[in-house]
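Listing of coords15.txt, compact mmCIF, C-alpha atoms
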```
# COMPACT_ATOMS: atom_id res chain seq x y z
CA MET A 1 152.81 183.33 113.74
CA LYS A 2 154.65 180.29 115.04
CA SER A 3 153.04 180.76 118.44
CA ARG A 4 149.56 180.76 116.90
CA PHE A 5 150.29 177.63 114.86
CA ARG A 6 151.66 175.90 117.93
CA LYS A 7 148.51 176.72 119.91
CA LEU A 8 146.37 175.31 117.08
CA LEU A 9 148.32 172.06 117.08
CA LEU A 10 147.99 171.78 120.84
CA ALA A 11 144.24 172.39 120.59
CA LEU A 12 143.84 169.76 117.88
CA ALA A 13 145.87 167.27 119.88
CA GLY A 14 143.73 167.92 122.93
CA LEU A 15 140.55 167.43 120.96
CA GLY A 16 141.92 164.17 119.57
CA ILE A 17 142.78 162.91 123.03
CA VAL A 18 139.33 163.86 124.34
CA GLY A 19 137.67 162.17 121.34
CA ALA A 20 139.71 159.03 121.81
CA ILE A 21 138.82 158.91 125.49
CA GLY A 22 135.14 159.47 124.67
CA TYR A 23 135.17 156.78 121.97
CA GLY A 24 136.82 154.35 124.37
CA LEU A 25 134.11 155.00 126.94
CA VAL A 26 131.30 154.17 124.42
CA PRO A 27 130.26 150.51 125.04
CA GLU A 28 130.58 148.09 122.16
CA PRO A 29 127.34 146.49 120.92
CA VAL A 30 126.53 143.06 122.33
CA MET A 31 126.77 140.34 119.69
CA VAL A 32 123.52 138.32 119.61
CA ASP A 33 121.37 136.22 117.29
CA PHE A 34 118.29 137.74 115.68
CA ALA A 35 115.01 136.19 114.56
CA MET A 36 112.32 137.79 112.39
CA ILE A 37 108.65 137.59 113.30
CA GLU A 38 106.87 135.74 110.48
CA THR A 39 103.51 134.13 109.83
CA GLY A 40 103.05 130.38 109.56
CA ASP A 41 101.30 127.31 110.92
CA ILE A 42 101.71 126.14 114.51
CA ARG A 43 100.87 122.81 116.10
CA VAL A 44 100.74 121.84 119.75
CA THR A 45 101.47 118.14 120.18
CA VAL A 46 101.87 115.52 122.86
CA ASP A 47 105.01 113.56 121.97
CA GLN A 48 105.39 110.00 123.22
CA ASP A 49 106.59 106.58 122.09
CA GLY A 50 104.01 104.01 121.05
CA LYS A 51 103.81 100.35 120.11
CA THR A 52 101.99 98.79 117.18
CA ARG A 53 99.58 95.93 117.64
CA ILE A 54 97.25 93.92 115.43
CA ARG A 55 93.77 95.42 115.67
CA GLU A 56 91.78 92.18 115.66
CA ARG A 57 93.32 89.03 117.14
CA TYR A 58 91.25 85.91 116.73
CA VAL A 59 91.69 82.96 119.09
CA VAL A 60 90.38 79.75 117.53
CA SER A 61 89.01 77.43 120.19
CA THR A 62 87.25 74.11 120.00
CA PRO A 63 83.45 74.28 120.34
CA LEU A 64 83.17 70.72 121.73
CA ALA A 65 85.15 68.15 123.68
CA GLY A 66 87.08 65.42 121.94
CA ARG A 67 90.49 64.16 120.91
CA LEU A 68 92.53 66.81 119.08
CA LEU A 69 94.81 65.62 116.29
CA ARG A 70 98.24 67.23 115.99
CA ILE A 71 98.21 70.79 114.58
CA ASP A 72 100.74 71.20 111.76
CA LEU A 73 100.69 75.02 111.65
CA ASP A 74 103.57 77.16 112.93
CA PRO A 75 103.68 80.87 113.88
CA GLY A 76 104.02 82.95 110.73
CA ASP A 77 102.19 80.53 108.44
CA GLU A 78 99.62 82.10 106.13
CA VAL A 79 95.98 81.08 106.46
CA VAL A 80 93.07 81.54 104.03
CA ALA A 81 89.52 82.03 105.22
CA GLY A 82 87.45 78.89 104.80
CA GLU A 83 90.31 76.86 103.27
CA THR A 84 93.23 76.41 105.66
CA LEU A 85 92.67 73.49 108.05
CA ILE A 86 93.34 74.55 111.63
CA ALA A 87 92.46 71.42 113.59
CA THR A 88 90.62 68.12 113.48
CA ILE A 89 88.77 66.75 116.50
CA GLU A 90 87.75 63.11 116.95
CA PRO A 91 84.74 62.33 119.17
CA ARG A 92 84.88 60.78 122.62
CA ASP A 93 81.73 58.72 122.99
CA PRO A 94 79.50 59.00 124.83
CA GLU A 95 80.47 62.53 125.95
CA LEU A 96 79.56 64.00 122.56
CA LEU A 97 76.06 62.64 122.94
CA ASP A 98 75.17 63.41 126.56
CA ALA A 99 72.45 65.91 127.46
CA ARG A 100 74.87 68.42 128.95
CA SER A 101 77.00 68.58 125.80
CA ILE A 102 73.90 69.04 123.67
CA ALA A 103 72.63 71.86 125.91
CA LEU A 104 76.00 73.61 125.82
CA ALA A 105 76.17 73.30 122.03
CA GLU A 106 72.66 74.76 121.67
CA ALA A 107 73.62 77.68 123.96
CA ARG A 108 76.72 78.39 121.86
CA VAL A 109 74.58 78.51 118.71
CA LYS A 110 72.25 81.07 120.30
CA ALA A 111 75.19 83.19 121.54
CA ALA A 112 76.86 83.11 118.12
CA ALA A 113 73.59 84.07 116.41
CA ALA A 114 73.17 87.02 118.81
CA ALA A 115 76.77 88.14 118.17
CA LEU A 116 76.17 88.06 114.41
CA GLU A 117 72.96 90.05 114.79
CA LYS A 118 74.81 92.58 116.96
CA MET A 119 77.36 93.19 114.18
CA LYS A 120 74.74 94.28 111.64
CA PRO A 121 74.12 97.82 113.07
CA VAL A 122 77.87 98.24 113.64
CA LEU A 123 78.52 97.47 109.98
CA GLU A 124 75.71 99.79 108.87
CA GLU A 125 77.15 102.62 110.99
CA ALA A 126 80.65 102.09 109.55
CA LEU A 127 79.27 102.03 106.00
CA ALA A 128 77.27 105.24 106.58
CA GLY A 129 80.34 106.98 108.03
CA GLN A 130 82.48 105.90 105.09
CA GLU A 131 79.90 107.13 102.56
CA PHE A 132 79.57 110.48 104.37
CA THR A 133 83.33 111.11 104.47
CA ALA A 134 83.58 110.11 100.80
CA ALA A 135 80.94 112.71 99.91
CA GLU A 136 82.69 115.36 102.05
CA LEU A 137 86.02 114.63 100.37
CA ALA A 138 84.47 114.89 96.91
CA ARG A 139 82.81 118.18 97.88
CA VAL A 140 85.99 119.90 99.12
CA LYS A 141 88.00 118.64 96.14
CA ASP A 142 85.37 120.03 93.76
CA ALA A 143 85.31 123.35 95.65
CA ARG A 144 89.10 123.65 95.51
CA ARG A 145 89.15 122.82 91.81
CA LYS A 146 86.62 125.59 91.10
CA ALA A 147 88.01 128.16 93.58
CA PRO A 148 91.45 127.26 95.01
CA GLN A 149 91.36 130.14 97.50
CA SER A 150 88.11 128.96 99.12
CA VAL A 151 89.49 125.66 100.46
CA SER A 152 92.97 125.21 101.94
CA ILE A 153 95.21 122.25 101.21
CA SER A 154 95.18 121.29 104.91
CA GLU A 155 91.38 121.02 104.81
CA VAL A 156 91.55 118.69 101.81
CA GLU A 157 94.20 116.57 103.55
CA SER A 158 92.06 116.46 106.69
CA LYS A 159 89.08 115.17 104.69
CA GLU A 160 91.29 112.57 103.02
CA LEU A 161 92.52 111.33 106.40
CA ALA A 162 88.94 111.18 107.69
CA TYR A 163 87.93 109.14 104.62
CA ARG A 164 90.82 106.71 105.12
CA THR A 165 89.95 106.34 108.80
CA ARG A 166 86.31 105.53 108.05
CA SER A 167 87.38 103.09 105.34
CA ALA A 168 89.63 101.29 107.84
CA LEU A 169 86.75 101.10 110.34
CA LEU A 170 84.51 99.70 107.62
CA ARG A 171 87.06 96.99 106.80
CA THR A 172 87.31 96.12 110.50
CA ALA A 173 83.53 95.92 110.88
CA THR A 174 83.24 93.75 107.77
CA LYS A 175 85.89 91.37 109.06
CA SER A 176 84.24 91.22 112.49
CA LYS A 177 80.94 90.28 110.86
CA GLU A 178 82.65 87.53 108.86
CA ILE A 179 84.20 86.17 112.05
CA ALA A 180 80.82 86.25 113.82
CA ARG A 181 79.27 84.33 110.91
CA PHE A 182 82.11 81.80 111.07
CA GLU A 183 81.56 81.28 114.80
CA LEU A 184 77.85 80.70 114.16
CA ASP A 185 78.64 78.11 111.49
CA GLN A 186 81.12 76.39 113.78
CA SER A 187 78.62 76.30 116.64
CA ARG A 188 75.92 74.88 114.41
CA ALA A 189 78.31 72.23 113.10
CA ALA A 190 79.25 71.30 116.66
CA LEU A 191 75.56 71.01 117.57
CA ILE A 192 74.97 68.69 114.62
CA ARG A 193 77.76 66.40 115.85
CA SER A 194 76.54 66.57 119.44
CA ARG A 195 72.96 65.54 118.63
CA PRO A 196 72.44 61.89 117.68
CA HIS A 197 70.50 60.95 114.56
CA ALA A 198 67.81 58.33 114.57
CA ASN A 199 69.84 56.07 112.27
CA GLY A 200 73.21 56.74 113.88
CA PRO A 201 75.21 58.91 111.44
CA PRO A 202 75.15 62.73 111.70
CA VAL A 203 72.56 64.75 109.84
CA GLU A 204 75.21 66.81 108.04
CA ALA A 205 78.93 66.48 107.50
CA GLU A 206 81.79 68.67 106.40
CA ALA A 207 82.40 68.89 102.67
CA ASP A 208 85.72 67.08 103.01
CA ALA A 209 84.48 64.35 105.37
CA SER A 210 82.58 61.19 104.57
CA GLN A 211 78.98 60.79 105.62
CA ASP A 212 79.99 58.12 108.13
CA SER A 213 82.70 60.22 109.79
CA TRP A 214 82.19 61.95 113.13
CA ASP A 215 85.46 63.93 112.84
CA PHE A 216 84.97 67.67 113.37
CA THR A 217 87.23 69.99 111.37
CA ILE A 218 87.98 73.65 112.11
CA ARG A 219 89.11 75.93 109.30
CA SER A 220 90.51 79.46 109.38
CA PRO A 221 87.89 82.19 109.78
CA ILE A 222 90.09 84.95 108.30
CA ASP A 223 92.85 85.68 105.82
CA GLY A 224 96.05 86.35 107.73
CA ARG A 225 98.83 84.60 109.58
CA VAL A 226 99.26 82.35 112.57
CA LEU A 227 100.46 84.37 115.56
CA ARG A 228 100.66 81.65 118.22
CA VAL A 229 99.90 77.95 118.57
CA PHE A 230 98.56 77.15 122.04
CA GLN A 231 98.00 73.39 121.62
CA GLU A 232 100.29 71.74 119.08
CA SER A 233 100.39 68.12 120.14
CA SER A 234 97.55 65.62 120.00
CA ALA A 235 95.55 65.54 123.24
CA VAL A 236 92.12 65.06 124.73
CA ILE A 237 90.67 68.53 125.21
CA ALA A 238 87.57 70.08 126.73
CA ALA A 239 85.15 72.37 124.96
CA GLY A 240 86.42 75.95 124.74
CA THR A 241 90.13 75.05 124.72
CA ALA A 242 92.20 77.67 122.84
CA LEU A 243 94.07 76.18 119.89
CA VAL A 244 95.73 78.94 117.83
CA GLU A 245 95.75 82.73 117.60
CA LEU A 246 95.29 84.32 114.18
CA GLY A 247 95.59 87.89 112.95
CA ASP A 248 96.18 90.10 109.92
CA PRO A 249 99.61 91.78 110.24
CA THR A 250 98.56 94.54 107.82
CA ASP A 251 95.62 95.58 110.02
CA LEU A 252 97.57 97.53 112.64
CA GLU A 253 96.80 100.13 115.28
CA VAL A 254 99.08 101.88 117.77
CA GLU A 255 98.89 101.94 121.56
CA ILE A 256 100.42 105.04 123.20
CA ASP A 257 100.49 105.62 126.96
CA VAL A 258 100.61 109.30 127.95
CA LEU A 259 100.43 111.18 131.24
CA SER A 260 96.88 111.67 132.49
CA ARG A 261 97.30 115.47 132.42
CA ASP A 262 98.07 115.21 128.69
CA ALA A 263 95.28 112.71 128.03
CA VAL A 264 92.60 115.23 129.04
CA ARG A 265 93.66 117.43 126.08
CA ILE A 266 93.44 114.63 123.50
CA ARG A 267 90.19 114.23 121.60
CA PRO A 268 88.94 111.35 119.42
CA GLU A 269 89.74 111.78 115.69
CA ALA A 270 92.77 113.95 116.56
CA LEU A 271 95.57 113.77 113.98
CA VAL A 272 98.65 111.72 114.92
CA LEU A 273 102.01 111.79 113.12
CA PHE A 274 104.41 108.85 113.39
CA GLU A 275 108.06 109.68 112.79
CA HIS A 276 111.33 107.72 112.92
CA TRP A 277 109.53 104.39 112.47
CA GLY A 278 111.97 103.24 109.80
CA GLY A 279 110.23 104.50 106.67
CA ASP A 280 111.06 107.36 104.32
CA LYS A 281 108.13 109.57 105.34
CA PRO A 282 105.90 110.01 108.40
CA LEU A 283 102.77 107.92 108.79
CA HIS A 284 99.38 109.37 109.70
CA GLY A 285 96.79 108.18 112.16
CA ARG A 286 93.62 109.23 113.96
CA VAL A 287 92.85 108.80 117.65
CA ARG A 288 90.22 106.07 117.90
CA LEU A 289 89.91 105.85 121.68
CA VAL A 290 91.10 107.59 124.82
CA GLU A 291 90.71 104.90 127.45
CA PRO A 292 88.58 106.11 130.39
CA SER A 293 90.72 104.44 133.07
CA ALA A 294 94.32 105.32 133.98
CA PHE A 295 96.98 103.04 135.44
CA THR A 296 100.08 103.54 137.57
CA LYS A 297 103.49 103.22 135.95
CA ILE A 298 106.95 103.67 137.46
CA SER A 299 109.11 106.02 135.36
CA THR A 300 112.82 105.50 134.68
CA LEU A 301 113.53 107.90 137.56
CA GLY A 302 111.48 105.79 139.95
CA VAL A 303 108.52 108.20 140.11
CA GLU A 304 104.94 106.89 140.11
CA GLU A 305 102.95 108.29 137.19
CA GLN A 306 99.30 108.02 136.24
CA ARG A 307 99.13 107.18 132.55
CA VAL A 308 96.35 106.61 130.04
CA ASN A 309 96.38 104.46 126.90
CA ILE A 310 95.57 106.21 123.62
CA ILE A 311 94.52 103.89 120.77
CA VAL A 312 95.32 105.23 117.29
CA SER A 313 94.14 103.86 113.95
CA LEU A 314 96.65 103.98 111.08
CA VAL A 315 95.08 105.58 108.02
CA ASP A 316 97.89 105.10 105.51
CA LEU A 317 97.42 102.20 103.11
CA PRO A 318 99.09 98.91 104.11
CA GLU A 319 101.20 99.12 100.94
CA GLU A 320 102.87 102.24 102.36
CA ARG A 321 103.97 100.49 105.59
CA THR A 322 104.68 96.90 104.60
CA ALA A 323 107.79 96.75 106.81
CA LEU A 324 105.85 97.71 109.95
CA GLY A 325 104.81 94.73 112.05
CA ASP A 326 103.18 93.78 115.33
CA GLY A 327 104.86 95.14 118.48
CA PHE A 328 107.10 97.67 116.66
CA ARG A 329 108.15 100.90 118.37
CA VAL A 330 107.10 104.24 116.83
CA GLU A 331 107.50 107.89 117.84
CA ALA A 332 104.11 109.57 117.93
CA ARG A 333 103.09 113.24 117.89
CA ILE A 334 99.44 113.67 118.86
CA VAL A 335 98.05 117.03 117.69
CA VAL A 336 95.97 118.65 120.46
CA ALA A 337 95.69 122.14 118.90
CA GLU A 338 96.75 123.89 115.68
CA ALA A 339 96.34 127.20 113.87
CA ASP A 340 97.13 128.37 110.33
CA GLU A 341 98.82 131.59 109.21
CA VAL A 342 99.49 133.17 112.60
CA LEU A 343 102.34 135.36 113.84
CA LYS A 344 105.05 133.19 115.41
CA VAL A 345 107.94 133.99 117.73
CA PRO A 346 110.65 131.48 118.69
CA THR A 347 110.23 130.29 122.25
CA SER A 348 113.97 130.84 122.72
CA ALA A 349 113.30 134.61 122.48
CA LEU A 350 110.74 134.61 125.32
CA PHE A 351 111.39 135.33 128.98
CA ARG A 352 109.23 136.00 132.02
CA VAL A 353 108.58 139.40 133.54
CA GLY A 354 106.47 138.68 136.58
CA GLN A 355 103.50 136.67 135.34
CA GLU A 356 103.76 137.92 131.75
CA TRP A 357 105.92 137.12 128.73
CA ALA A 358 108.33 139.54 127.08
CA VAL A 359 110.96 139.73 124.32
CA PHE A 360 113.77 142.11 123.39
CA ARG A 361 112.74 143.83 120.18
CA VAL A 362 115.57 145.37 118.13
CA VAL A 363 114.92 148.98 117.05
CA ALA A 364 117.75 150.84 115.25
CA GLY A 365 120.33 148.47 116.76
CA VAL A 366 119.07 148.92 120.33
CA ALA A 367 117.31 146.25 122.42
CA GLN A 368 113.91 147.32 123.75
CA GLN A 369 111.90 145.20 126.16
CA GLN A 370 108.48 144.43 124.68
CA MET A 371 105.62 142.73 126.54
CA VAL A 372 103.71 140.18 124.43
CA LYS A 373 100.50 138.20 124.71
CA LEU A 374 100.73 134.59 123.53
CA GLY A 375 98.27 132.05 122.18
CA LEU A 376 99.23 128.50 121.23
CA ARG A 377 102.71 127.45 122.28
CA ASN A 378 104.90 124.43 121.64
CA GLY A 379 108.56 123.67 122.23
CA LEU A 380 109.81 125.64 119.22
CA ALA A 381 107.44 128.55 118.59
CA ALA A 382 104.56 130.47 120.12
CA GLU A 383 101.61 132.31 118.60
CA VAL A 384 101.80 136.11 119.09
CA VAL A 385 98.40 137.63 119.82
CA GLU A 386 99.56 141.14 120.82
CA GLY A 387 102.83 143.07 121.09
CA LEU A 388 104.67 142.31 117.82
CA GLN A 389 104.16 142.71 114.10
CA GLN A 390 105.33 140.80 111.07
CA GLY A 391 108.91 141.75 110.18
CA ASP A 392 109.99 142.76 113.70
CA LEU A 393 113.43 141.59 114.83
CA VAL A 394 113.81 139.97 118.26
CA VAL A 395 116.84 138.75 120.18
CA VAL A 396 117.16 134.96 120.41
CA HIS A 397 118.64 133.49 123.60
CA PRO A 398 119.18 136.87 125.33
CA GLY A 399 121.94 136.59 127.93
CA ASP A 400 122.75 138.63 131.02
CA LYS A 401 124.44 141.31 128.91
CA VAL A 402 121.25 142.16 127.03
CA ALA A 403 119.04 144.71 128.77
CA GLU A 404 116.75 147.63 127.97
CA GLY A 405 118.59 150.24 125.87
CA ILE A 406 121.69 148.11 125.21
CA ALA A 407 123.16 148.31 121.71
CA VAL A 408 123.12 144.93 119.94
CA ALA A 409 124.50 143.62 116.68
CA ARG A 410 124.03 140.42 114.69
CA ARG A 411 126.58 137.77 115.56
```
Hey, can you dump this file as structure tokens for me?
Amino acid sequence: MKSRFRKLLLALAGLGIVGAIGYGLVPEPVMVDFAMIETGDIRVTVDQDGKTRIRERYVVSTPLAGRLLRIDLDPGDEVVAGETLIATIEPRDPELLDARSIALAEARVKAAAAALEKMKPVLEEALAGQEFTAAELARVKDARRKAPQSVSISEVESKELAYRTRSALLRTATKSKEIARFELDQSRAALIRSRPHANGPPVEAEADASQDSWDFTIRSPIDGRVLRVFQESSAVIAAGTALVELGDPTDLEVEIDVLSRDAVRIRPEALVLFEHWGGDKPLHGRVRLVEPSAFTKISTLGVEEQRVNIIVSLVDLPEERTALGDGFRVEARIVVAEADEVLKVPTSALFRVGQEWAVFRVVAGVAQQQMVKLGLRNGLAAEVVEGLQQGDLVVVHPGDKVAEGIAVARR
């Protein structure tokens, strides 16, 4: 009896030793990070720094020769269209009355009239675009109010941005027409003072000048601020001399230079997001122009790069970006492609197998290599076209220890 019991104990001890050895030989699961395949929106962007600039800068120059009186304006001073006095010019006889001066003044009147006529179709086009986008915005809002599932929020926001863009272009065209009209008035006034009257005094005079005065006054063509003063002191000047530069600091656009290989993917009207500009929320813009000519720029590493300027119109209201001024730095993300409600996989889970992409899919705690076909891809996520389904678990940042058939566990 004791012999049988002893044999049983020895057998159990042997089985325990064998089990312990077998358990010790079983590899422990590799601790990794998991990510779940989910649906969502994906955007492909070109990220680059940009610089703000005033859209329309207006250089006020003298339309005729004479003696310029001292300009009292300083950079930053506010100016009001038709009211703020920019400069006063006294005549230099007989130069104001010679045939050459008269011919030049008549030519400037014709050029200014042609410029004003040229602005009419531009203004009509801007007005038609603004009315069309307003109708489109009203239509999608009405459709979403009646059937919320028929129109997505992103589509409504896109129509709102398009409407704001067209409204900004309309304001720019209106201001350009006002400036062209001002230049025509200035040229006509200069012609009046360059052409002698039979009785001596000029045919017309400024509202604030006496009928016997030959002084020529120049007033601000726009509402805005003085940006630069080119000629501050009194001096004898020739016709066409630049006096001051004016602009509206609230009418801003952004200049972004990108690599030429990225510029070919950017289309006009593309959405642009501006982040880390100093405000509480991102600003929005639309690509107005992709310049057709590139230029060479030396990078910080000393490499020659071909870059292209992208001009972006800000569509947010000036009240939402009052702190943003001329020449400010902004971080821009230009959207070149986007898709809604697609399967996404983190790019950190992807690796190459030959010319194709693959991931390690986790099935019952075991890593299995899975080939995938991708669509849109950015720095954080990629669109999954084939190979994975919603809810699948994949290994993020797979190291050298992760391979086909290896047991894995969440870290």
Checklist entry - Interatomic distance between CA of Ile54 in chain A and CA of Ala114 in chain A? => result 25.3 Å
Residues within 9 Å of range 289-303 of chain A, please, as a PDB file with C-alpha atoms, keeping the file's coordinate frame. Count only C-alpha atoms; anything in the same chain fewer than 5 positions from it doesn't count.
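And here's part-v1.pdb as it stands now:
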```pdb
ATOM      1  CA  LEU A 259     100.430 111.180 131.240  1.00  0.00           C
ATOM      2  CA  SER A 260      96.880 111.670 132.490  1.00  0.00           C
ATOM      3  CA  ALA A 263      95.280 112.710 128.030  1.00  0.00           C
ATOM      4  CA  VAL A 264      92.600 115.230 129.040  1.00  0.00           C
ATOM      5  CA  ILE A 266      93.440 114.630 123.500  1.00  0.00           C
ATOM      6  CA  ARG A 267      90.190 114.230 121.600  1.00  0.00           C
ATOM      7  CA  PRO A 268      88.940 111.350 119.420  1.00  0.00           C
ATOM      8  CA  GLU A 269      89.740 111.780 115.690  1.00  0.00           C
ATOM      9  CA  VAL A 308      96.350 106.610 130.040  1.00  0.00           C
ATOM     10  CA  ASN A 309      96.380 104.460 126.900  1.00  0.00           C
ATOM     11  CA  ILE A 310      95.570 106.210 123.620  1.00  0.00           C
ATOM     12  CA  ILE A 311      94.520 103.890 120.770  1.00  0.00           C
ATOM     13  CA  VAL A 312      95.320 105.230 117.290  1.00  0.00           C
TER      14      VAL A 312
END
```
Next on the checklist: Residues within 8 Å of range 226-235 of chain A, please, as a ChimeraX atom specification. Count only C-alpha atoms; anything in the same chain fewer than 3 positions from it doesn't count.
Outcome noted: /A:67-79,242-247
Item to check | Spatial neighbours of Leu393 in chain A, 7 Å, all atoms listed in the file, chain gap at least 3 places, as a list in words | outcome: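 Selected residues are Phe34, Ala35, Met36, Ile37, Arg361 and Val362 of chain A.
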Item to check | Separation of CA of Thr52 in chain A from CA of Glu255 in chain A in Å | outcome: 6.2 Å
Item to check | CA of Asp392 in chain A to CA of Trp357 in chain A, distance in Å rounded to a single decimal | outcome: 16.6 Å
Next on the checklist: Can you tell me which residues surround range 319-323 of chain A at a distance of at most 9 Å, considering all atoms listed in the file, apart from same-chain residues fewer than 4 positions away, and format the answer as a list of chain:residue names?
Outcome noted: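 Those residues are A:Thr250, A:Gly278, A:Gly279, A:Leu283.
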Checklist entry - Excluding same-chain residues fewer than 4 positions from Ala115 in chain A, what lies within 12 Å of it counting all atoms listed in the file, as a list in words? => result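 Here the qualifying residues turn out to be Arg108, Val109, Lys110, Ala111, Met119, Lys120, Pro121, Val122, Ser176, Lys177, Glu178, Ile179, Ala180, Arg181, Phe182, Glu183 and Leu184 of chain A.
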